[in-house]
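*Asks:* Contents of data.tsv (TSV, C-alpha atoms) are below:
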```
chain	number	residue	atom	x	y	z
A	54	MET	CA	149.04	100.78	94.14
A	55	ASN	CA	151.54	103.53	94.88
A	56	LYS	CA	151.12	106.17	97.56
A	57	GLN	CA	149.39	108.55	95.16
A	58	ASP	CA	146.79	105.91	94.29
A	59	LYS	CA	145.82	105.63	97.96
A	60	LYS	CA	144.84	109.27	98.39
A	61	ILE	CA	141.18	110.20	98.87
A	62	SER	CA	139.08	112.92	97.26
A	63	ALA	CA	136.05	113.81	99.42
A	64	LEU	CA	133.14	115.18	97.37
A	65	VAL	CA	129.94	116.95	98.48
A	66	ILE	CA	127.17	118.76	96.61
A	67	THR	CA	125.33	121.55	98.41
A	68	TYR	CA	122.45	123.99	98.25
A	69	ASN	CA	121.56	126.01	101.35
A	70	GLU	CA	123.15	123.61	103.84
A	71	ILE	CA	124.19	125.94	106.69
A	72	GLY	CA	123.59	124.04	109.91
A	73	TYR	CA	124.55	120.77	108.24
A	74	ILE	CA	127.66	121.36	106.16
A	75	GLU	CA	129.91	122.44	109.03
A	76	LYS	CA	129.86	119.04	110.76
A	77	CYS	CA	130.06	117.22	107.46
A	78	ILE	CA	133.26	119.05	106.47
A	79	GLU	CA	134.73	118.53	109.94
A	80	SER	CA	134.10	114.78	109.68
A	81	ILE	CA	135.80	114.38	106.28
A	82	ALA	CA	138.81	116.59	107.07
A	83	PHE	CA	141.05	113.48	106.95
A	84	ALA	CA	140.67	113.31	103.14
A	85	ASP	CA	143.56	114.47	100.95
A	86	GLU	CA	141.26	116.96	99.25
A	87	ILE	CA	137.72	118.21	99.81
A	88	ILE	CA	135.74	119.47	96.82
A	89	VAL	CA	132.26	120.93	97.22
A	90	VAL	CA	130.01	121.73	94.25
A	91	ASP	CA	127.50	124.35	95.35
A	92	SER	CA	124.28	125.18	93.47
A	93	TYR	CA	124.42	128.93	94.20
A	94	SER	CA	123.35	128.79	97.85
A	95	THR	CA	121.72	131.88	99.34
A	96	ASP	CA	122.02	131.08	103.06
A	97	GLY	CA	125.76	131.60	103.56
A	98	THR	CA	126.83	128.06	102.62
A	99	TYR	CA	129.01	129.23	99.74
A	100	GLU	CA	130.63	131.99	101.81
A	101	TYR	CA	131.39	129.52	104.62
A	102	LEU	CA	132.99	127.07	102.19
A	103	LEU	CA	134.91	129.83	100.42
A	104	GLU	CA	136.60	130.77	103.70
A	105	HIS	CA	137.36	127.20	104.75
A	106	PRO	CA	141.10	126.50	104.32
A	107	GLN	CA	140.64	122.81	103.42
A	108	VAL	CA	137.82	123.18	100.93
A	109	LYS	CA	137.81	123.85	97.22
A	110	VAL	CA	134.31	125.10	96.38
A	111	ILE	CA	132.93	125.37	92.86
A	112	GLN	CA	129.57	126.89	91.97
A	113	HIS	CA	127.68	125.02	89.28
A	114	PRO	CA	123.99	125.25	88.25
A	115	PHE	CA	121.80	122.39	89.44
A	116	GLU	CA	119.74	120.44	86.90
A	117	ASN	CA	119.36	117.16	88.75
A	118	PHE	CA	121.25	115.06	91.29
A	119	THR	CA	122.83	112.72	88.75
A	120	LEU	CA	124.29	115.49	86.60
A	121	GLN	CA	125.50	117.43	89.64
A	122	LYS	CA	127.23	114.43	91.18
A	123	SER	CA	128.71	113.44	87.83
A	124	TYR	CA	130.14	116.94	87.49
A	125	ALA	CA	131.57	116.78	91.01
A	126	LEU	CA	133.13	113.39	90.26
A	127	LYS	CA	135.04	114.89	87.32
A	128	GLN	CA	136.66	117.43	89.67
A	129	ALA	CA	138.32	114.77	91.86
A	130	SER	CA	142.11	114.60	91.62
A	131	HIS	CA	142.42	111.13	93.15
A	132	ASP	CA	141.05	107.76	92.13
A	133	TRP	CA	139.53	106.91	95.50
A	134	VAL	CA	136.43	109.02	96.09
A	135	LEU	CA	134.45	109.48	99.29
A	136	PHE	CA	131.06	110.94	98.33
A	137	THR	CA	128.93	112.25	101.18
A	138	ASP	CA	125.78	114.32	101.33
A	139	ALA	CA	125.92	117.61	103.20
A	140	ASP	CA	123.70	116.21	105.97
A	141	GLU	CA	125.91	113.16	106.56
A	142	ILE	CA	128.69	112.70	109.11
A	143	VAL	CA	131.59	110.26	108.99
A	144	THR	CA	132.14	108.98	112.52
A	145	PRO	CA	135.71	108.50	113.86
A	146	ASP	CA	135.30	104.71	113.66
A	147	LEU	CA	134.05	104.90	110.08
A	148	ARG	CA	136.91	107.28	109.23
A	149	ASP	CA	139.42	104.73	110.52
A	150	GLU	CA	137.77	101.95	108.54
A	151	ILE	CA	137.83	104.06	105.35
A	152	VAL	CA	141.52	104.90	105.76
A	153	LYS	CA	142.41	101.29	106.54
A	154	THR	CA	140.47	100.10	103.48
A	155	VAL	CA	142.06	102.56	101.06
A	156	THR	CA	145.63	102.40	102.36
A	157	GLY	CA	145.57	98.62	102.59
A	158	ASN	CA	145.08	96.23	99.73
A	159	ALA	CA	141.42	96.99	99.04
A	160	GLU	CA	139.54	93.87	97.98
A	161	HIS	CA	136.87	95.81	96.09
A	162	VAL	CA	136.54	98.86	93.84
A	163	ALA	CA	133.43	100.20	95.61
A	164	TYR	CA	131.93	100.00	99.09
A	165	TRP	CA	128.41	100.31	100.42
A	166	PHE	CA	127.77	102.25	103.64
A	167	TYR	CA	124.84	101.56	105.90
A	168	ARG	CA	123.38	104.74	107.40
A	169	LYS	CA	122.09	105.64	110.85
A	170	PHE	CA	119.20	108.06	110.44
A	171	MET	CA	118.77	110.92	112.88
A	172	PHE	CA	115.46	112.67	113.54
A	173	GLN	CA	116.81	115.96	114.85
A	174	ASP	CA	119.10	114.64	117.61
A	175	GLU	CA	117.41	111.26	118.12
A	176	PRO	CA	117.97	108.05	116.14
A	177	LEU	CA	115.27	106.86	113.78
A	178	LYS	CA	115.55	103.09	114.05
A	179	PHE	CA	112.75	101.90	111.78
A	180	SER	CA	110.28	103.65	109.40
A	181	GLY	CA	111.69	101.91	106.33
A	182	TRP	CA	115.27	103.09	106.74
A	183	GLN	CA	116.77	100.23	108.74
A	184	THR	CA	118.25	98.47	105.69
A	185	ASP	CA	119.18	101.61	103.75
A	186	LYS	CA	122.65	101.58	102.21
A	187	ASN	CA	124.46	103.59	99.54
A	188	TYR	CA	127.72	103.59	97.68
A	189	ARG	CA	129.91	106.22	99.32
A	190	LEU	CA	133.49	105.02	98.74
A	191	PHE	CA	134.69	103.94	95.32
A	192	ARG	CA	137.36	104.28	92.66
A	193	LYS	CA	136.25	106.84	90.08
A	194	THR	CA	137.99	104.96	87.27
A	195	LYS	CA	135.73	102.00	88.01
A	196	ALA	CA	132.37	103.72	88.47
A	197	HIS	CA	129.96	106.28	87.02
A	198	PHE	CA	126.47	107.58	87.71
A	199	THR	CA	123.88	106.24	85.28
A	200	ASP	CA	122.02	108.87	83.26
A	201	LYS	CA	118.80	106.85	83.53
A	202	LYS	CA	117.95	108.41	86.90
A	203	ILE	CA	117.86	112.06	87.92
A	204	VAL	CA	117.00	111.54	91.60
A	205	HIS	CA	118.23	108.80	93.95
A	206	GLU	CA	121.19	108.66	91.60
A	207	THR	CA	122.55	105.19	90.87
A	208	LEU	CA	126.22	104.28	90.66
A	209	VAL	CA	127.25	101.73	88.04
A	210	VAL	CA	130.33	99.82	89.19
A	211	ASP	CA	132.80	97.92	87.04
A	212	GLY	CA	134.17	95.42	89.54
A	213	SER	CA	133.42	93.80	92.89
A	214	CYS	CA	131.74	95.60	95.79
A	215	GLY	CA	131.98	95.35	99.57
A	216	ILE	CA	130.22	96.72	102.64
A	217	LEU	CA	131.92	98.65	105.44
A	218	GLU	CA	130.91	97.70	108.98
A	219	GLU	CA	130.66	101.16	110.53
A	220	LYS	CA	127.60	103.31	109.79
A	221	LEU	CA	127.41	106.77	108.29
A	222	ILE	CA	125.35	109.26	110.32
A	223	HIS	CA	122.54	110.78	108.26
A	224	ARG	CA	120.90	113.84	109.82
A	225	CYS	CA	117.86	113.47	107.61
A	226	TYR	CA	115.36	115.49	109.65
A	227	LYS	CA	116.13	119.04	110.81
A	228	ASN	CA	112.53	120.22	111.18
A	229	TYR	CA	109.12	119.58	109.65
A	230	GLU	CA	109.22	122.23	106.92
A	231	ASP	CA	112.76	121.34	105.88
A	232	TYR	CA	111.99	117.63	105.49
A	233	LYS	CA	108.65	118.34	103.81
A	234	GLY	CA	110.38	120.58	101.27
A	235	LYS	CA	112.97	117.89	100.61
A	236	MET	CA	110.31	115.22	99.98
A	237	LEU	CA	108.34	117.52	97.66
A	238	ARG	CA	111.47	118.34	95.64
A	239	TYR	CA	112.30	114.64	95.32
A	240	GLY	CA	108.72	113.96	94.20
A	241	ARG	CA	108.91	116.59	91.46
A	242	LEU	CA	112.23	115.26	90.21
A	243	LYS	CA	110.83	111.71	90.14
A	244	ALA	CA	107.91	113.05	88.09
A	245	LYS	CA	110.34	114.52	85.53
A	246	GLU	CA	112.10	111.16	85.41
A	247	ASP	CA	108.76	109.42	84.79
A	248	PHE	CA	107.79	111.98	82.15
A	249	TYR	CA	111.04	111.54	80.22
A	250	ARG	CA	110.48	107.78	80.31
A	251	GLU	CA	106.94	108.32	78.96
A	252	ARG	CA	105.24	106.84	82.01
A	253	LYS	CA	101.63	107.96	82.05
A	254	PHE	CA	99.79	109.68	84.90
A	255	SER	CA	97.19	107.55	86.67
A	256	TYR	CA	94.69	108.54	89.36
A	257	PHE	CA	94.84	104.94	90.56
A	258	PHE	CA	98.57	105.13	91.28
A	259	MET	CA	98.21	108.68	92.63
A	260	VAL	CA	96.06	107.21	95.41
A	261	LEU	CA	97.63	103.76	95.73
A	262	LYS	CA	101.33	104.65	95.77
A	263	PRO	CA	101.24	107.15	98.69
A	264	PHE	CA	98.95	104.83	100.66
A	265	TRP	CA	101.28	101.88	100.04
A	266	LYS	CA	104.36	103.95	100.95
A	267	PHE	CA	102.85	104.92	104.31
A	268	PHE	CA	101.53	101.41	105.04
A	269	ASN	CA	104.81	99.78	104.03
A	270	HIS	CA	107.04	102.10	106.07
A	271	TYR	CA	104.76	102.59	109.08
A	272	ILE	CA	103.35	99.06	109.47
A	273	LEU	CA	105.47	96.55	107.57
A	274	ARG	CA	108.79	98.36	108.18
A	275	LEU	CA	107.84	99.03	111.82
A	276	GLY	CA	107.64	102.81	111.71
A	277	PHE	CA	105.13	102.72	114.57
A	278	LEU	CA	108.00	101.68	116.85
A	279	ASP	CA	109.56	105.11	116.23
A	280	GLY	CA	106.54	106.76	117.89
A	281	GLU	CA	105.59	110.27	116.73
A	282	LYS	CA	108.82	110.48	114.75
A	283	GLY	CA	107.70	107.47	112.71
A	284	ILE	CA	104.29	108.95	111.94
A	285	THR	CA	105.84	112.22	110.79
A	286	VAL	CA	108.53	110.67	108.58
A	287	CYS	CA	106.25	108.02	107.05
A	288	TYR	CA	103.59	110.63	106.28
A	289	LEU	CA	106.06	113.00	104.61
A	290	ASN	CA	107.61	110.17	102.60
A	291	ALA	CA	104.12	109.28	101.35
A	292	LEU	CA	103.48	112.95	100.60
A	293	GLY	CA	106.52	112.89	98.33
A	294	ASP	CA	104.93	110.09	96.31
A	295	PHE	CA	101.68	112.05	96.06
A	296	GLU	CA	103.59	115.09	94.81
A	297	ARG	CA	105.28	112.88	92.22
A	298	TYR	CA	101.98	112.00	90.55
A	299	LYS	CA	100.57	115.49	90.98
A	300	GLU	CA	103.61	116.91	89.17
A	301	LEU	CA	103.45	114.21	86.49
A	302	GLN	CA	99.85	115.19	85.80
A	303	ARG	CA	100.89	118.84	85.51
A	304	LEU	CA	103.72	118.00	83.10
A	305	GLU	CA	101.40	115.95	80.89
A	306	LYS	CA	98.80	118.74	80.75
A	307	LYS	CA	101.51	121.29	79.94
A	308	ASN	CA	102.81	119.04	77.15
A	309	GLU	CA	99.31	118.53	75.74
A	310	LEU	CA	98.65	122.27	75.75
A	311	ALA	CA	101.92	122.95	73.93
A	312	TYR	CA	101.00	120.31	71.35
A	313	TYR	CA	97.58	121.84	70.63
A	314	LEU	CA	99.02	125.36	70.43
A	315	LEU	CA	101.53	124.21	67.84
A	316	MET	CA	98.93	122.45	65.70
A	317	PRO	CA	98.15	124.28	62.41
```
Could you write out this structure as structure tokens?
*Replies:*
Amino acid sequence: MNKQDKKISALVITYNEIGYIEKCIESIAFADEIIVVDSYSTDGTYEYLLEHPQVKVIQHPFENFTLQKSYALKQASHDWVLFTDADEIVTPDLRDEIVKTVTGNAEHVAYWFYRKFMFQDEPLKFSGWQTDKNYRLFRKTKAHFTDKKIVHETLVVDGSCGILEEKLIHRCYKNYEDYKGKMLRYGRLKAKEDFYRERKFSYFFMVLKPFWKFFNHYILRLGFLDGEKGITVCYLNALGDFERYKELQRLEKKNELAYYLLMP
């Protein structure tokens, strides 16, 4: 690789991320370019990014996470891409590991990052998140987001993968209403994904899936060791699953009504 091939494009997608995005941008300032794709924020996020000297911000309508991230990926000038969420922070140690990996002879074309979850300003050590990892650093010529998922987007990698040792900070929980809204939005998007795949609504799964999610994260994945934080997060995660089936039921009824109205 020549010097140009070892440059990094940092990518972020945003919507109403004031309070999060500032620290995210500060932590990825070492990248050779920072590109943010904003979904027409109304809380000052876009204006903040527009004034930032290191950031190129583009407004683009949001349809789903996969399409938005795929669009952002196309904007990158460099082959190596560092993709972070607006509520994530690259620590100094992780920054050094990223730079060393890219500027050295990288063994792999993509790297997983483990994440350290933060409940406000306190670490969330259990509650199902202790083994969470995501692709965050990869070569764009060797990877793409599959169009089979519209939430919890999945990267398809053509080549070998590695795992970086340092963790990415994920400030997942700002306050109750913010996290609840996030889980409900994810649930609705998952319902659309199910609907497009022709998965049928079931009252059985509407009851079972949220119950299992809470039991799995709170008991089996040791959420109870996180105290009140664990109860809150596990409950809201289960609520997201309930919303998924509630929305799927609504989509099916809407589709059935449209069918009957169109019948001669």
*Asks:* Could you list, with a cut-off of 12 Å and counting all atoms listed in the file, the residues of region 225-248 of chain A near region 205-219 of chain A, each shown with its nearest atom pair and the distance in Å rounded to one decimal, rows sorted by chain and ascending number, as a Markdown table?
*Replies:*
```
| residue | atom | partner | partner_atom | distance |
| --- | --- | --- | --- | --- |
| A:Met236 | CA | A:His205 | CA | 11.8 |
| A:Arg238 | CA | A:His205 | CA | 11.8 |
| A:Tyr239 | CA | A:His205 | CA | 8.4 |
| A:Gly240 | CA | A:His205 | CA | 10.8 |
| A:Leu242 | CA | A:His205 | CA | 9.6 |
| A:Lys243 | CA | A:His205 | CA | 8.8 |
| A:Glu246 | CA | A:His205 | CA | 10.8 |
```
*Asks:* Could you check which of A:Glu309, A:His131, A:Ile111, A:Gly97 is closest to Asp85 (chain A), using all atoms listed in the file?
*Replies:*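 Among the listed residues, the smallest separation from Asp85 (chain A) belongs to A:His131.
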*Asks:* Hey, what's within 9 Å of region 284-287 of chain A if we count only C-alpha atoms and toss same-chain stuff fewer than 6 positions away? As number ranges by chain, please?
*Replies:* A: 172, 180-181, 226, 229, 232, 266-271, 276-277
*Asks:* Keeping C-alpha atoms for every residue in the selection just given, could you write it to a file as a PDB file, in the coordinates of the input?
*Replies:*
```pdb
ATOM      1  CA  PHE A 172     115.460 112.670 113.540  1.00  0.00           C
ATOM      2  CA  SER A 180     110.280 103.650 109.400  1.00  0.00           C
ATOM      3  CA  GLY A 181     111.690 101.910 106.330  1.00  0.00           C
ATOM      4  CA  TYR A 226     115.360 115.490 109.650  1.00  0.00           C
ATOM      5  CA  TYR A 229     109.120 119.580 109.650  1.00  0.00           C
ATOM      6  CA  TYR A 232     111.990 117.630 105.490  1.00  0.00           C
ATOM      7  CA  LYS A 266     104.360 103.950 100.950  1.00  0.00           C
ATOM      8  CA  PHE A 267     102.850 104.920 104.310  1.00  0.00           C
ATOM      9  CA  PHE A 268     101.530 101.410 105.040  1.00  0.00           C
ATOM     10  CA  ASN A 269     104.810  99.780 104.030  1.00  0.00           C
ATOM     11  CA  HIS A 270     107.040 102.100 106.070  1.00  0.00           C
ATOM     12  CA  TYR A 271     104.760 102.590 109.080  1.00  0.00           C
ATOM     13  CA  GLY A 276     107.640 102.810 111.710  1.00  0.00           C
ATOM     14  CA  PHE A 277     105.130 102.720 114.570  1.00  0.00           C
TER      15      PHE A 277
END
```
*Asks:* Do a neighbour search on Val155 (chain A) at 9 Å with all atoms listed in the file, toss out local chain neighbours closer than 2 positions, and write the hits as a VMD selection string.
*Replies:* chain A and resid 58 to 61 133 150 to 153 157 to 159
*Asks:* Given only C-alpha atoms as the basis, pick out the residue of A:His105, A:His113, A:Arg189, A:Lys235 nearest to Ser62 (chain A).
*Replies:*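 For Ser62 (chain A), the nearest of the given residues is A:Arg189.
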*Asks:* Choose the residue, out of A:Lys245, A:Lys127, A:Lys220, A:Arg303, that has the smallest atom-to-atom separation from Lys201 (chain A); count all atoms listed in the file.
*Replies:*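 Nearest candidate to Lys201 (chain A) out of A:Lys245, A:Lys127, A:Lys220, A:Arg303: A:Lys245.
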*Asks:* As a PDB file, in the frame of the given file, could you write out region 165-176 of chain A once it has been completed with all heavy atoms?
*Replies:*
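The result, written out as selection-v3.pdb:
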```
ATOM      1  N   TRP A 165     129.680  99.830  99.894  1.00  0.00           N
ATOM      2  CA  TRP A 165     128.410 100.310 100.420  1.00  0.00           C
ATOM      3  C   TRP A 165     128.604 100.803 101.851  1.00  0.00           C
ATOM      4  O   TRP A 165     129.393 100.241 102.605  1.00  0.00           O
ATOM      5  CB  TRP A 165     127.370  99.190 100.460  1.00  0.00           C
ATOM      6  CG  TRP A 165     126.981  98.572  99.159  1.00  0.00           C
ATOM      7  CD1 TRP A 165     127.538  97.475  98.571  1.00  0.00           C
ATOM      8  CD2 TRP A 165     125.929  98.989  98.290  1.00  0.00           C
ATOM      9  NE1 TRP A 165     126.902  97.186  97.391  1.00  0.00           N
ATOM     10  CE2 TRP A 165     125.911  98.092  97.195  1.00  0.00           C
ATOM     11  CE3 TRP A 165     124.993 100.018  98.333  1.00  0.00           C
ATOM     12  CZ2 TRP A 165     124.995  98.208  96.150  1.00  0.00           C
ATOM     13  CZ3 TRP A 165     124.080 100.143  97.299  1.00  0.00           C
ATOM     14  CH2 TRP A 165     124.079  99.244  96.228  1.00  0.00           C
ATOM     15  N   PHE A 166     127.850 101.812 102.239  1.00  0.00           N
ATOM     16  CA  PHE A 166     127.770 102.250 103.640  1.00  0.00           C
ATOM     17  C   PHE A 166     126.329 102.096 104.103  1.00  0.00           C
ATOM     18  O   PHE A 166     125.399 102.541 103.412  1.00  0.00           O
ATOM     19  CB  PHE A 166     128.128 103.748 103.787  1.00  0.00           C
ATOM     20  CG  PHE A 166     129.576 104.087 103.608  1.00  0.00           C
ATOM     21  CD1 PHE A 166     130.479 103.203 103.046  1.00  0.00           C
ATOM     22  CD2 PHE A 166     130.040 105.336 103.990  1.00  0.00           C
ATOM     23  CE1 PHE A 166     131.806 103.529 102.872  1.00  0.00           C
ATOM     24  CE2 PHE A 166     131.362 105.683 103.827  1.00  0.00           C
ATOM     25  CZ  PHE A 166     132.256 104.785 103.264  1.00  0.00           C
ATOM     26  N   TYR A 167     126.138 101.469 105.250  1.00  0.00           N
ATOM     27  CA  TYR A 167     124.840 101.560 105.900  1.00  0.00           C
ATOM     28  C   TYR A 167     124.765 102.913 106.610  1.00  0.00           C
ATOM     29  O   TYR A 167     125.796 103.488 106.978  1.00  0.00           O
ATOM     30  CB  TYR A 167     124.648 100.427 106.917  1.00  0.00           C
ATOM     31  CG  TYR A 167     124.271  99.115 106.284  1.00  0.00           C
ATOM     32  CD1 TYR A 167     125.201  98.081 106.163  1.00  0.00           C
ATOM     33  CD2 TYR A 167     122.987  98.906 105.800  1.00  0.00           C
ATOM     34  CE1 TYR A 167     124.865  96.869 105.572  1.00  0.00           C
ATOM     35  CE2 TYR A 167     122.630  97.697 105.211  1.00  0.00           C
ATOM     36  CZ  TYR A 167     123.572  96.690 105.095  1.00  0.00           C
ATOM     37  OH  TYR A 167     123.228  95.511 104.508  1.00  0.00           O
ATOM     38  N   ARG A 168     123.538 103.424 106.781  1.00  0.00           N
ATOM     39  CA  ARG A 168     123.380 104.740 107.400  1.00  0.00           C
ATOM     40  C   ARG A 168     122.519 104.673 108.656  1.00  0.00           C
ATOM     41  O   ARG A 168     121.566 103.900 108.716  1.00  0.00           O
ATOM     42  CB  ARG A 168     122.764 105.733 106.410  1.00  0.00           C
ATOM     43  CG  ARG A 168     123.634 106.001 105.205  1.00  0.00           C
ATOM     44  CD  ARG A 168     123.163 107.196 104.406  1.00  0.00           C
ATOM     45  NE  ARG A 168     121.909 106.942 103.718  1.00  0.00           N
ATOM     46  CZ  ARG A 168     121.278 107.860 102.972  1.00  0.00           C
ATOM     47  NH1 ARG A 168     121.778 109.076 102.856  1.00  0.00           N
ATOM     48  NH2 ARG A 168     120.152 107.554 102.353  1.00  0.00           N
ATOM     49  N   LYS A 169     122.881 105.479 109.632  1.00  0.00           N
ATOM     50  CA  LYS A 169     122.090 105.640 110.850  1.00  0.00           C
ATOM     51  C   LYS A 169     121.337 106.951 110.730  1.00  0.00           C
ATOM     52  O   LYS A 169     121.944 108.021 110.682  1.00  0.00           O
ATOM     53  CB  LYS A 169     123.004 105.659 112.085  1.00  0.00           C
ATOM     54  CG  LYS A 169     122.253 105.818 113.393  1.00  0.00           C
ATOM     55  CD  LYS A 169     123.224 105.798 114.581  1.00  0.00           C
ATOM     56  CE  LYS A 169     122.471 105.930 115.892  1.00  0.00           C
ATOM     57  NZ  LYS A 169     123.412 105.932 117.057  1.00  0.00           N
ATOM     58  N   PHE A 170     120.024 106.875 110.657  1.00  0.00           N
ATOM     59  CA  PHE A 170     119.200 108.060 110.440  1.00  0.00           C
ATOM     60  C   PHE A 170     118.917 108.772 111.756  1.00  0.00           C
ATOM     61  O   PHE A 170     118.599 108.137 112.766  1.00  0.00           O
ATOM     62  CB  PHE A 170     117.890 107.683 109.758  1.00  0.00           C
ATOM     63  CG  PHE A 170     118.048 107.376 108.300  1.00  0.00           C
ATOM     64  CD1 PHE A 170     118.570 106.170 107.875  1.00  0.00           C
ATOM     65  CD2 PHE A 170     117.700 108.315 107.342  1.00  0.00           C
ATOM     66  CE1 PHE A 170     118.742 105.889 106.538  1.00  0.00           C
ATOM     67  CE2 PHE A 170     117.861 108.049 105.990  1.00  0.00           C
ATOM     68  CZ  PHE A 170     118.380 106.836 105.593  1.00  0.00           C
ATOM     69  N   MET A 171     119.018 110.099 111.702  1.00  0.00           N
ATOM     70  CA  MET A 171     118.770 110.920 112.880  1.00  0.00           C
ATOM     71  C   MET A 171     117.580 111.841 112.646  1.00  0.00           C
ATOM     72  O   MET A 171     117.511 112.560 111.647  1.00  0.00           O
ATOM     73  CB  MET A 171     120.002 111.754 113.211  1.00  0.00           C
ATOM     74  CG  MET A 171     121.258 110.934 113.496  1.00  0.00           C
ATOM     75  SD  MET A 171     121.097 109.833 114.921  1.00  0.00           S
ATOM     76  CE  MET A 171     120.984 111.044 116.256  1.00  0.00           C
ATOM     77  N   PHE A 172     116.617 111.777 113.534  1.00  0.00           N
ATOM     78  CA  PHE A 172     115.460 112.670 113.540  1.00  0.00           C
ATOM     79  C   PHE A 172     115.788 113.769 114.530  1.00  0.00           C
ATOM     80  O   PHE A 172     115.718 113.561 115.739  1.00  0.00           O
ATOM     81  CB  PHE A 172     114.214 111.886 113.961  1.00  0.00           C
ATOM     82  CG  PHE A 172     112.933 112.669 113.904  1.00  0.00           C
ATOM     83  CD1 PHE A 172     112.057 112.513 112.834  1.00  0.00           C
ATOM     84  CD2 PHE A 172     112.586 113.540 114.924  1.00  0.00           C
ATOM     85  CE1 PHE A 172     110.862 113.208 112.798  1.00  0.00           C
ATOM     86  CE2 PHE A 172     111.393 114.241 114.895  1.00  0.00           C
ATOM     87  CZ  PHE A 172     110.527 114.076 113.827  1.00  0.00           C
ATOM     88  N   GLN A 173     116.222 114.918 114.008  1.00  0.00           N
ATOM     89  CA  GLN A 173     116.810 115.960 114.850  1.00  0.00           C
ATOM     90  C   GLN A 173     118.003 115.340 115.588  1.00  0.00           C
ATOM     91  O   GLN A 173     118.949 114.940 114.959  1.00  0.00           O
ATOM     92  CB  GLN A 173     115.751 116.588 115.754  1.00  0.00           C
ATOM     93  CG  GLN A 173     114.690 117.342 114.941  1.00  0.00           C
ATOM     94  CD  GLN A 173     113.534 117.865 115.762  1.00  0.00           C
ATOM     95  OE1 GLN A 173     113.130 117.273 116.758  1.00  0.00           O
ATOM     96  NE2 GLN A 173     112.969 118.977 115.321  1.00  0.00           N
ATOM     97  N   ASP A 174     117.953 115.206 116.898  1.00  0.00           N
ATOM     98  CA  ASP A 174     119.100 114.640 117.610  1.00  0.00           C
ATOM     99  C   ASP A 174     118.838 113.230 118.131  1.00  0.00           C
ATOM    100  O   ASP A 174     119.606 112.707 118.937  1.00  0.00           O
ATOM    101  CB  ASP A 174     119.486 115.553 118.785  1.00  0.00           C
ATOM    102  CG  ASP A 174     120.019 116.892 118.318  1.00  0.00           C
ATOM    103  OD1 ASP A 174     120.716 116.919 117.283  1.00  0.00           O
ATOM    104  OD2 ASP A 174     119.723 117.912 118.966  1.00  0.00           O
ATOM    105  N   GLU A 175     117.760 112.602 117.655  1.00  0.00           N
ATOM    106  CA  GLU A 175     117.410 111.260 118.120  1.00  0.00           C
ATOM    107  C   GLU A 175     117.447 110.266 116.964  1.00  0.00           C
ATOM    108  O   GLU A 175     117.060 110.605 115.843  1.00  0.00           O
ATOM    109  CB  GLU A 175     116.012 111.266 118.758  1.00  0.00           C
ATOM    110  CG  GLU A 175     115.907 112.153 119.994  1.00  0.00           C
ATOM    111  CD  GLU A 175     114.512 112.113 120.590  1.00  0.00           C
ATOM    112  OE1 GLU A 175     113.646 111.406 120.032  1.00  0.00           O
ATOM    113  OE2 GLU A 175     114.296 112.782 121.614  1.00  0.00           O
ATOM    114  N   PRO A 176     117.902 109.044 117.228  1.00  0.00           N
ATOM    115  CA  PRO A 176     117.970 108.050 116.140  1.00  0.00           C
ATOM    116  C   PRO A 176     116.594 107.597 115.684  1.00  0.00           C
ATOM    117  O   PRO A 176     115.665 107.459 116.480  1.00  0.00           O
ATOM    118  CB  PRO A 176     118.745 106.896 116.780  1.00  0.00           C
ATOM    119  CG  PRO A 176     118.548 107.052 118.253  1.00  0.00           C
ATOM    120  CD  PRO A 176     118.428 108.525 118.498  1.00  0.00           C
TER     121      PRO A 176
END
```
